[in-house]
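A short write-up of the structure that comes next.
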Amino acid sequence: MHVEKTKTGGERLSLNVRDPSDLTNLAVQANSDELLQVIKDVTQLLTKEAGRVGSLEITGRLISVPPKDEIIVVGDIHGSLESLVHVLRSSDFMKKTRRDEELFLVFLGDYGDRGLYSPEVYYMVLKLKEMFPQKVVLMRGNHEGPNDLLAHPHDLPIHLNRKFGEAGATVYTKLRELFDQLYNAVIVENRCVLLHGGMPSKASTIEDLAYAHEKHPHETHLEEILWSDPNDAIKETYPSPRGAGRLFGKNVTEKLLKMLNVKILIRGHEPSNEGFKINHNGKVLTLFSRKGPPYNNEHGAYLQLNVSEILENTNQLQKYIHKF
Ligand SMILES: [Mn+2]
């Protein structure tokens with residue numbers, strides 16, 4: 001078929017990879033060269049992404065989404081291939097996207113570490129981005145942090161070495177370059193802000209989120225976005241027991257929500273036995289989208305909601321939370 005030649009790699013692939021099982025098989029069988037290729041392709045894709053991409057509006061490393069259509073939000077995966085496959089199957093993302101239904105798949109970051117299948121999970125989320133570039137958003141977690149703010153323990157290099165031998169080191173270097181291109185935050189206009197960890201407590205403009213990576217480490221915005229946690233017992237902020245980021249109180253959440261003209265913060269970063277938890281009087285929803293060791297939480301959860309609905313409080317979101 002000559003027409004194939006005019007298609008990009010991602011489009012060609014999307015014809016052959018029909019469902020999450022096809023994608024999983026590719027991920028499990030991929031050798032180091034195949035993983036390196038997808039890392040390279042997606043790094044280039046992300047480097048070029050700017051301005052309007054489909055119905056996404058991109059400023060620096062911030063994405064604005066109009067308040068219409070469906071959005072699937074996925075919290076930390078941390079190397080759990082089984083959890084990722086479950087989310088893809090149960091949300092029916094690939095089939096719906098192929099039918100041209102308007103929906104976005106947004107990952108809150110922390111794809112690798114702490115799970116045996118970190119290389120396969122990276123392969124899968126990157127392939128999804130390559131196949132559906134206008135529909136998939138990959139955010140940065142603290143496990144994809146900048147060089148001076150690495151998470152510990154960081155076992156990704158070990159799993160790359162186990163799977164690929166010496167070539168694992170090259171894959172790791174290229175993944176680290178890719179991390180610098182991942183997004184800081186997503187805003188669904190008038191509805192919610194999505195990011196990995198917490199509110200950048202000193203941010204005073206939307207640019208502080210969009211360009212947090214450029215202001216790092218002179219400003220703490222990126223560190224707080226990647227590392228902070230909400231806490232119901234404090235006002236303002238307090239040093240985090242994690243050693244990076246801050247604990248932030250309800251008044252910080254309210255101040256930032258107002259500045260961003262949204263009602264709710266949706267974030268990942270903290271394990272939860274139910275797969276989700278709510279803080280700050282219903283203004284903060286935490287999602288943790290993986291199960292199994294080493295956290296051994298009973299449930300993982302993800303969110304699938306129609307953002308055309310007016311949102312005021314996370315209690316409204318309960319019916320859209322899918323526990324597994
Ligand atoms: Mn995290």
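Chain identifiers are assigned as A, B, and so on, following the order in which chains appear in the structure tokens; residues are numbered from 1 within each chain, and ligands are numbered from 1 in order of appearance.
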(request) Name all residues at most 8 Å from A:Leu81 (count only C-alpha atoms; drop same-chain ones fewer than 2 positions away) and give them as a list of chain:residue names. (result)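 Here the answer would be A:Ile77, A:Gly79, A:Ser83, A:Leu84, A:Val85, A:Tyr117, A:Ser118, A:Glu120, A:Val121.
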(message) Can you pull out every residue with an atom within 10 Å of ligand 1? Use only C-alpha atoms and all ligand atoms and format it as a PyMOL selection string.
(response) chain A and resi 75-78+108-111+140-145+151+196-197+226-229+267-271+288
(request) Taking the DSSP assignment computed from this structure's backbone, write out as a ChimeraX atom specification all residues of stretch 191-255 of chain A that belong to alpha helix (DSSP H). (result) /A:206-210,212-215,221-227,250-255
Those residues with N, CA and C atoms, as a PDB file, in the first residue's frame please?
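Dumped to selection.pdb:
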```
ATOM      1  N   ILE A 206       0.370  32.246  35.959  1.00  0.00           N
ATOM      2  CA  ILE A 206       0.259  30.958  35.277  1.00  0.00           C
ATOM      3  C   ILE A 206       1.603  30.589  34.621  1.00  0.00           C
ATOM      4  N   GLU A 207       2.395  31.604  34.288  1.00  0.00           N
ATOM      5  CA  GLU A 207       3.720  31.363  33.693  1.00  0.00           C
ATOM      6  C   GLU A 207       4.651  30.650  34.675  1.00  0.00           C
ATOM      7  N   ASP A 208       4.420  30.873  35.975  1.00  0.00           N
ATOM      8  CA  ASP A 208       5.253  30.181  36.971  1.00  0.00           C
ATOM      9  C   ASP A 208       5.094  28.664  36.859  1.00  0.00           C
ATOM     10  N   LEU A 209       3.926  28.207  36.419  1.00  0.00           N
ATOM     11  CA  LEU A 209       3.727  26.770  36.175  1.00  0.00           C
ATOM     12  C   LEU A 209       4.250  26.386  34.794  1.00  0.00           C
ATOM     13  N   ALA A 210       3.937  27.205  33.806  1.00  0.00           N
ATOM     14  CA  ALA A 210       4.321  26.891  32.424  1.00  0.00           C
ATOM     15  C   ALA A 210       5.844  26.825  32.254  1.00  0.00           C
ATOM     16  N   ALA A 212       8.109  26.572  34.962  1.00  0.00           N
ATOM     17  CA  ALA A 212       8.709  26.149  36.241  1.00  0.00           C
ATOM     18  C   ALA A 212      10.060  25.461  36.020  1.00  0.00           C
ATOM     19  N   HIS A 213      10.175  24.701  34.923  1.00  0.00           N
ATOM     20  CA  HIS A 213      11.422  23.977  34.640  1.00  0.00           C
ATOM     21  C   HIS A 213      12.563  24.924  34.306  1.00  0.00           C
ATOM     22  N   GLU A 214      12.246  26.075  33.686  1.00  0.00           N
ATOM     23  CA  GLU A 214      13.300  27.046  33.358  1.00  0.00           C
ATOM     24  C   GLU A 214      13.723  27.828  34.597  1.00  0.00           C
ATOM     25  N   LYS A 215      12.786  28.022  35.519  1.00  0.00           N
ATOM     26  CA  LYS A 215      13.076  28.794  36.735  1.00  0.00           C
ATOM     27  C   LYS A 215      13.756  27.948  37.811  1.00  0.00           C
ATOM     28  N   HIS A 221       9.169  26.422  42.261  1.00  0.00           N
ATOM     29  CA  HIS A 221       7.915  25.972  41.635  1.00  0.00           C
ATOM     30  C   HIS A 221       7.970  24.513  41.175  1.00  0.00           C
ATOM     31  N   LEU A 222       9.013  24.167  40.412  1.00  0.00           N
ATOM     32  CA  LEU A 222       9.078  22.807  39.873  1.00  0.00           C
ATOM     33  C   LEU A 222       9.211  21.777  40.999  1.00  0.00           C
ATOM     34  N   GLU A 223      10.058  22.093  41.973  1.00  0.00           N
ATOM     35  CA  GLU A 223      10.235  21.167  43.101  1.00  0.00           C
ATOM     36  C   GLU A 223       8.894  20.903  43.792  1.00  0.00           C
ATOM     37  N   GLU A 224       8.116  21.947  44.019  1.00  0.00           N
ATOM     38  CA  GLU A 224       6.834  21.775  44.704  1.00  0.00           C
ATOM     39  C   GLU A 224       5.809  21.048  43.828  1.00  0.00           C
ATOM     40  N   ILE A 225       5.807  21.362  42.529  1.00  0.00           N
ATOM     41  CA  ILE A 225       4.892  20.669  41.610  1.00  0.00           C
ATOM     42  C   ILE A 225       5.166  19.161  41.643  1.00  0.00           C
ATOM     43  N   LEU A 226       6.441  18.786  41.668  1.00  0.00           N
ATOM     44  CA  LEU A 226       6.794  17.367  41.585  1.00  0.00           C
ATOM     45  C   LEU A 226       6.734  16.643  42.929  1.00  0.00           C
ATOM     46  N   TRP A 227       6.960  17.368  44.032  1.00  0.00           N
ATOM     47  CA  TRP A 227       7.212  16.688  45.311  1.00  0.00           C
ATOM     48  C   TRP A 227       6.203  16.975  46.428  1.00  0.00           C
ATOM     49  N   LYS A 250      -4.731  24.058  53.263  1.00  0.00           N
ATOM     50  CA  LYS A 250      -5.920  24.373  52.463  1.00  0.00           C
ATOM     51  C   LYS A 250      -5.879  25.791  51.905  1.00  0.00           C
ATOM     52  N   ASN A 251      -5.334  26.738  52.712  1.00  0.00           N
ATOM     53  CA  ASN A 251      -5.322  28.127  52.228  1.00  0.00           C
ATOM     54  C   ASN A 251      -4.415  28.292  51.011  1.00  0.00           C
ATOM     55  N   VAL A 252      -3.341  27.473  50.939  1.00  0.00           N
ATOM     56  CA  VAL A 252      -2.456  27.524  49.756  1.00  0.00           C
ATOM     57  C   VAL A 252      -3.213  26.983  48.543  1.00  0.00           C
ATOM     58  N   THR A 253      -3.917  25.880  48.733  1.00  0.00           N
ATOM     59  CA  THR A 253      -4.729  25.306  47.644  1.00  0.00           C
ATOM     60  C   THR A 253      -5.730  26.340  47.136  1.00  0.00           C
ATOM     61  N   GLU A 254      -6.450  26.970  48.066  1.00  0.00           N
ATOM     62  CA  GLU A 254      -7.484  27.933  47.658  1.00  0.00           C
ATOM     63  C   GLU A 254      -6.884  29.124  46.904  1.00  0.00           C
ATOM     64  N   LYS A 255      -5.743  29.606  47.394  1.00  0.00           N
ATOM     65  CA  LYS A 255      -5.080  30.741  46.743  1.00  0.00           C
ATOM     66  C   LYS A 255      -4.683  30.402  45.302  1.00  0.00           C
TER      67      LYS A 255
END
```
Given only C-alpha atoms, how would the per-residue table for stretch 95-173 of chain A near stretch 19-33 of chain A read, listing every residue at most 12 Å away with its closest atom pair and distance in Å to one decimal, sorted by chain and number, as JSON lines?
```
{"residue": "A:Lys95", "atom": "CA", "partner": "A:Asp19", "partner_atom": "CA", "distance": 7.3}
{"residue": "A:Lys96", "atom": "CA", "partner": "A:Asp19", "partner_atom": "CA", "distance": 10.8}
{"residue": "A:Thr97", "atom": "CA", "partner": "A:Asp19", "partner_atom": "CA", "distance": 11.2}
{"residue": "A:Arg98", "atom": "CA", "partner": "A:Asp19", "partner_atom": "CA", "distance": 10.3}
{"residue": "A:Leu116", "atom": "CA", "partner": "A:Val28", "partner_atom": "CA", "distance": 11.8}
{"residue": "A:Tyr117", "atom": "CA", "partner": "A:Val28", "partner_atom": "CA", "distance": 8.8}
{"residue": "A:Ser118", "atom": "CA", "partner": "A:Ala27", "partner_atom": "CA", "distance": 10.5}
{"residue": "A:Pro119", "atom": "CA", "partner": "A:Ala27", "partner_atom": "CA", "distance": 8.1}
{"residue": "A:Glu120", "atom": "CA", "partner": "A:Ala27", "partner_atom": "CA", "distance": 5.0}
{"residue": "A:Val121", "atom": "CA", "partner": "A:Ala27", "partner_atom": "CA", "distance": 7.5}
{"residue": "A:Tyr122", "atom": "CA", "partner": "A:Ala27", "partner_atom": "CA", "distance": 8.6}
{"residue": "A:Tyr123", "atom": "CA", "partner": "A:Ala27", "partner_atom": "CA", "distance": 5.7}
{"residue": "A:Met124", "atom": "CA", "partner": "A:Ala27", "partner_atom": "CA", "distance": 6.0}
{"residue": "A:Val125", "atom": "CA", "partner": "A:Leu23", "partner_atom": "CA", "distance": 9.7}
{"residue": "A:Leu126", "atom": "CA", "partner": "A:Ala27", "partner_atom": "CA", "distance": 10.2}
{"residue": "A:Lys127", "atom": "CA", "partner": "A:Leu23", "partner_atom": "CA", "distance": 8.1}
{"residue": "A:Leu128", "atom": "CA", "partner": "A:Leu23", "partner_atom": "CA", "distance": 8.6}
{"residue": "A:Met131", "atom": "CA", "partner": "A:Leu23", "partner_atom": "CA", "distance": 10.7}
{"residue": "A:Leu160", "atom": "CA", "partner": "A:Ser32", "partner_atom": "CA", "distance": 8.8}
{"residue": "A:Asn161", "atom": "CA", "partner": "A:Ser32", "partner_atom": "CA", "distance": 10.1}
{"residue": "A:Arg162", "atom": "CA", "partner": "A:Ser32", "partner_atom": "CA", "distance": 11.4}
{"residue": "A:Lys163", "atom": "CA", "partner": "A:Asn31", "partner_atom": "CA", "distance": 8.4}
{"residue": "A:Phe164", "atom": "CA", "partner": "A:Ser32", "partner_atom": "CA", "distance": 5.9}
{"residue": "A:Gly165", "atom": "CA", "partner": "A:Ser32", "partner_atom": "CA", "distance": 9.0}
{"residue": "A:Glu166", "atom": "CA", "partner": "A:Ser32", "partner_atom": "CA", "distance": 9.7}
{"residue": "A:Ala167", "atom": "CA", "partner": "A:Ser32", "partner_atom": "CA", "distance": 6.4}
{"residue": "A:Gly168", "atom": "CA", "partner": "A:Ser32", "partner_atom": "CA", "distance": 7.1}
{"residue": "A:Ala169", "atom": "CA", "partner": "A:Ser32", "partner_atom": "CA", "distance": 10.0}
{"residue": "A:Thr170", "atom": "CA", "partner": "A:Ser32", "partner_atom": "CA", "distance": 8.8}
{"residue": "A:Val171", "atom": "CA", "partner": "A:Ser32", "partner_atom": "CA", "distance": 6.9}
{"residue": "A:Tyr172", "atom": "CA", "partner": "A:Ser32", "partner_atom": "CA", "distance": 10.4}
```
Kindly save the residues from that selection, with N, CA and C atoms included, as a PDB file, in the first residue's frame.
```
ATOM      1  N   LYS A  95     -10.077   2.153  21.667  1.00  0.00           N
ATOM      2  CA  LYS A  95     -11.229   1.955  20.790  1.00  0.00           C
ATOM      3  C   LYS A  95     -12.006   3.258  20.599  1.00  0.00           C
ATOM      4  N   LYS A  96     -12.212   3.966  21.697  1.00  0.00           N
ATOM      5  CA  LYS A  96     -12.957   5.224  21.610  1.00  0.00           C
ATOM      6  C   LYS A  96     -12.222   6.250  20.743  1.00  0.00           C
ATOM      7  N   THR A  97     -10.910   6.329  20.894  1.00  0.00           N
ATOM      8  CA  THR A  97     -10.124   7.275  20.102  1.00  0.00           C
ATOM      9  C   THR A  97     -10.181   6.933  18.619  1.00  0.00           C
ATOM     10  N   ARG A  98     -10.122   5.651  18.331  1.00  0.00           N
ATOM     11  CA  ARG A  98     -10.242   5.218  16.933  1.00  0.00           C
ATOM     12  C   ARG A  98     -11.590   5.580  16.336  1.00  0.00           C
ATOM     13  N   LEU A 116       8.530  -4.042  38.715  1.00  0.00           N
ATOM     14  CA  LEU A 116       9.421  -4.818  37.859  1.00  0.00           C
ATOM     15  C   LEU A 116       9.335  -4.395  36.402  1.00  0.00           C
ATOM     16  N   TYR A 117       8.186  -3.863  35.986  1.00  0.00           N
ATOM     17  CA  TYR A 117       7.953  -3.633  34.558  1.00  0.00           C
ATOM     18  C   TYR A 117       8.160  -2.183  34.129  1.00  0.00           C
ATOM     19  N   SER A 118       9.073  -1.499  34.791  1.00  0.00           N
ATOM     20  CA  SER A 118       9.335  -0.099  34.427  1.00  0.00           C
ATOM     21  C   SER A 118       9.695   0.077  32.948  1.00  0.00           C
ATOM     22  N   PRO A 119      10.589  -0.752  32.364  1.00  0.00           N
ATOM     23  CA  PRO A 119      10.912  -0.544  30.939  1.00  0.00           C
ATOM     24  C   PRO A 119       9.672  -0.709  30.051  1.00  0.00           C
ATOM     25  N   GLU A 120       8.851  -1.714  30.366  1.00  0.00           N
ATOM     26  CA  GLU A 120       7.663  -1.974  29.545  1.00  0.00           C
ATOM     27  C   GLU A 120       6.636  -0.849  29.695  1.00  0.00           C
ATOM     28  N   VAL A 121       6.486  -0.319  30.912  1.00  0.00           N
ATOM     29  CA  VAL A 121       5.528   0.773  31.125  1.00  0.00           C
ATOM     30  C   VAL A 121       5.969   2.015  30.345  1.00  0.00           C
ATOM     31  N   TYR A 122       7.258   2.346  30.402  1.00  0.00           N
ATOM     32  CA  TYR A 122       7.717   3.497  29.606  1.00  0.00           C
ATOM     33  C   TYR A 122       7.456   3.261  28.119  1.00  0.00           C
ATOM     34  N   TYR A 123       7.767   2.053  27.646  1.00  0.00           N
ATOM     35  CA  TYR A 123       7.538   1.759  26.238  1.00  0.00           C
ATOM     36  C   TYR A 123       6.060   2.007  25.889  1.00  0.00           C
ATOM     37  N   MET A 124       5.171   1.517  26.732  1.00  0.00           N
ATOM     38  CA  MET A 124       3.738   1.628  26.418  1.00  0.00           C
ATOM     39  C   MET A 124       3.232   3.063  26.435  1.00  0.00           C
ATOM     40  N   VAL A 125       3.583   3.839  27.464  1.00  0.00           N
ATOM     41  CA  VAL A 125       3.048   5.210  27.502  1.00  0.00           C
ATOM     42  C   VAL A 125       3.651   6.048  26.370  1.00  0.00           C
ATOM     43  N   LEU A 126       4.904   5.769  26.021  1.00  0.00           N
ATOM     44  CA  LEU A 126       5.518   6.523  24.918  1.00  0.00           C
ATOM     45  C   LEU A 126       4.891   6.135  23.576  1.00  0.00           C
ATOM     46  N   LYS A 127       4.620   4.849  23.396  1.00  0.00           N
ATOM     47  CA  LYS A 127       3.942   4.422  22.161  1.00  0.00           C
ATOM     48  C   LYS A 127       2.554   5.056  22.061  1.00  0.00           C
ATOM     49  N   LEU A 128       1.852   5.120  23.193  1.00  0.00           N
ATOM     50  CA  LEU A 128       0.517   5.742  23.172  1.00  0.00           C
ATOM     51  C   LEU A 128       0.626   7.192  22.715  1.00  0.00           C
ATOM     52  N   MET A 131       1.294   7.208  19.002  1.00  0.00           N
ATOM     53  CA  MET A 131       0.134   6.807  18.200  1.00  0.00           C
ATOM     54  C   MET A 131      -0.967   7.860  18.197  1.00  0.00           C
ATOM     55  N   LEU A 160      16.402  -1.657  33.607  1.00  0.00           N
ATOM     56  CA  LEU A 160      16.852  -1.516  32.217  1.00  0.00           C
ATOM     57  C   LEU A 160      18.051  -2.414  31.963  1.00  0.00           C
ATOM     58  N   ASN A 161      18.930  -2.478  32.943  1.00  0.00           N
ATOM     59  CA  ASN A 161      20.111  -3.330  32.809  1.00  0.00           C
ATOM     60  C   ASN A 161      19.718  -4.806  32.805  1.00  0.00           C
ATOM     61  N   ARG A 162      18.757  -5.167  33.651  1.00  0.00           N
ATOM     62  CA  ARG A 162      18.294  -6.557  33.729  1.00  0.00           C
ATOM     63  C   ARG A 162      17.706  -7.002  32.385  1.00  0.00           C
ATOM     64  N   LYS A 163      16.954  -6.090  31.752  1.00  0.00           N
ATOM     65  CA  LYS A 163      16.281  -6.444  30.509  1.00  0.00           C
ATOM     66  C   LYS A 163      17.190  -6.338  29.275  1.00  0.00           C
ATOM     67  N   PHE A 164      18.049  -5.301  29.273  1.00  0.00           N
ATOM     68  CA  PHE A 164      18.794  -5.013  28.037  1.00  0.00           C
ATOM     69  C   PHE A 164      20.301  -5.194  28.160  1.00  0.00           C
ATOM     70  N   GLY A 165      20.785  -5.578  29.325  1.00  0.00           N
ATOM     71  CA  GLY A 165      22.232  -5.695  29.508  1.00  0.00           C
ATOM     72  C   GLY A 165      22.884  -4.326  29.408  1.00  0.00           C
ATOM     73  N   GLU A 166      24.065  -4.277  28.792  1.00  0.00           N
ATOM     74  CA  GLU A 166      24.826  -3.024  28.736  1.00  0.00           C
ATOM     75  C   GLU A 166      24.063  -1.898  28.043  1.00  0.00           C
ATOM     76  N   ALA A 167      23.246  -2.253  27.039  1.00  0.00           N
ATOM     77  CA  ALA A 167      22.492  -1.222  26.304  1.00  0.00           C
ATOM     78  C   ALA A 167      21.520  -0.482  27.219  1.00  0.00           C
ATOM     79  N   GLY A 168      21.220  -1.077  28.375  1.00  0.00           N
ATOM     80  CA  GLY A 168      20.316  -0.442  29.332  1.00  0.00           C
ATOM     81  C   GLY A 168      20.797   0.938  29.761  1.00  0.00           C
ATOM     82  N   ALA A 169      22.104   1.110  29.827  1.00  0.00           N
ATOM     83  CA  ALA A 169      22.665   2.399  30.259  1.00  0.00           C
ATOM     84  C   ALA A 169      22.350   3.496  29.234  1.00  0.00           C
ATOM     85  N   THR A 170      22.422   3.147  27.939  1.00  0.00           N
ATOM     86  CA  THR A 170      22.104   4.116  26.887  1.00  0.00           C
ATOM     87  C   THR A 170      20.621   4.472  26.939  1.00  0.00           C
ATOM     88  N   VAL A 171      19.782   3.441  27.116  1.00  0.00           N
ATOM     89  CA  VAL A 171      18.342   3.691  27.206  1.00  0.00           C
ATOM     90  C   VAL A 171      18.065   4.655  28.359  1.00  0.00           C
ATOM     91  N   TYR A 172      18.736   4.423  29.480  1.00  0.00           N
ATOM     92  CA  TYR A 172      18.530   5.271  30.654  1.00  0.00           C
ATOM     93  C   TYR A 172      18.917   6.732  30.364  1.00  0.00           C
TER      94      TYR A 172
END
```
(request) Find the residue from A:Asn231, A:Arg18, A:Phe179, A:Phe132 that sits nearest to A:Arg89; use only C-alpha atoms when measuring. (result)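 For A:Arg89, the nearest of the given residues is A:Arg18.
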(request) For atom CA of A:Arg61 and atom CA of A:Glu34, quote the distance in Å rounded to one decimal. (result) 26.7 Å
(request) Would you mind listing what lies within 8 Å of stretch 188-190 of chain A as an MDAnalysis selection string, with only C-alpha atoms counted and same-chain residues fewer than 5 positions away left out? (result) chainID A and resid 64:67 261:263 307
Saved selection, atoms kept: C-alpha atoms, as a JSON list (two decimals), in the first residue's frame:
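Writing the result to again_38.json gives the following:
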```
[["chain", "number", "residue", "atom", "x", "y", "z"],
["A", 64, "SER", "CA", -4.72, 24.04, 28.47],
["A", 65, "VAL", "CA", -7.70, 21.86, 27.62],
["A", 66, "PRO", "CA", -11.12, 23.31, 26.79],
["A", 67, "PRO", "CA", -13.89, 22.31, 29.24],
["A", 261, "ASN", "CA", -9.31, 30.23, 37.80],
["A", 262, "VAL", "CA", -10.19, 26.59, 38.52],
["A", 263, "LYS", "CA", -12.03, 24.77, 41.33],
["A", 307, "VAL", "CA", -15.39, 17.97, 31.87]]
```
(request) Quick one: pick out all strand (DSSP E) residues within stretch 62-94 of chain A from a backbone DSSP run and write them as a ChimeraX atom specification. (result) /A:62-65,70-74
(message) Could you check the closest approach to A:Glu177 for each of A:Arg246, A:Lys40, A:Lys258, A:Lys319 and tell me which residue wins, using only C-alpha atoms?
(response)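 Once distances to A:Glu177 are computed over only C-alpha atoms, the minimum belongs to A:Lys40.
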(request) Using only C-alpha atoms, find the one residue out of A:Tyr183, A:Asp100, A:Leu265, A:Thr43 that sits nearest to A:Ile63. (result)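 Under the stated criterion, the closest residue is A:Tyr183.
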(request) Return the single residue from A:Gly282, A:Ser201, A:Ser55, A:Glu274 that is closest to A:Leu247, with distances computed using only C-alpha atoms. (result) A:Ser201
(message) I'd like to know which of A:Asn281, A:Leu105, A:Leu149, A:Arg99 is closest to A:Thr220, using only C-alpha atoms.
(response)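 Counting only C-alpha atoms, the residue closest to A:Thr220 is A:Leu149.
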(request) Find the spatial neighbours of A:Val136, counting only C-alpha atoms, within a cut-off of 6 Å - ignore same-chain residues fewer than 3 positions away - and output them as a ChimeraX atom specification. (result) /A:104-106,129,133
For the residues in the current selection, export N, CA and C atoms as a short mmCIF file (atom, residue, chain, number, x, y, z; two decimals), in the first residue's frame.
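Dumped everything to again22.cif:
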```cif
data_model
loop_
_atom_site.label_atom_id
_atom_site.label_comp_id
_atom_site.auth_asym_id
_atom_site.auth_seq_id
_atom_site.Cartn_x
_atom_site.Cartn_y
_atom_site.Cartn_z
N PHE A 104 -9.36 12.65 26.11
CA PHE A 104 -7.93 12.79 26.36
C PHE A 104 -7.51 11.79 27.42
N LEU A 105 -6.29 11.30 27.27
CA LEU A 105 -5.70 10.40 28.26
C LEU A 105 -4.53 11.15 28.89
N VAL A 106 -4.67 11.49 30.16
CA VAL A 106 -3.65 12.30 30.83
C VAL A 106 -2.98 11.49 31.93
N LYS A 129 1.64 7.89 23.23
CA LYS A 129 1.85 9.29 22.82
C LYS A 129 2.16 9.37 21.33
N PRO A 133 -0.87 11.48 19.29
CA PRO A 133 -0.17 12.66 19.86
C PRO A 133 -1.10 13.77 20.34
#
```
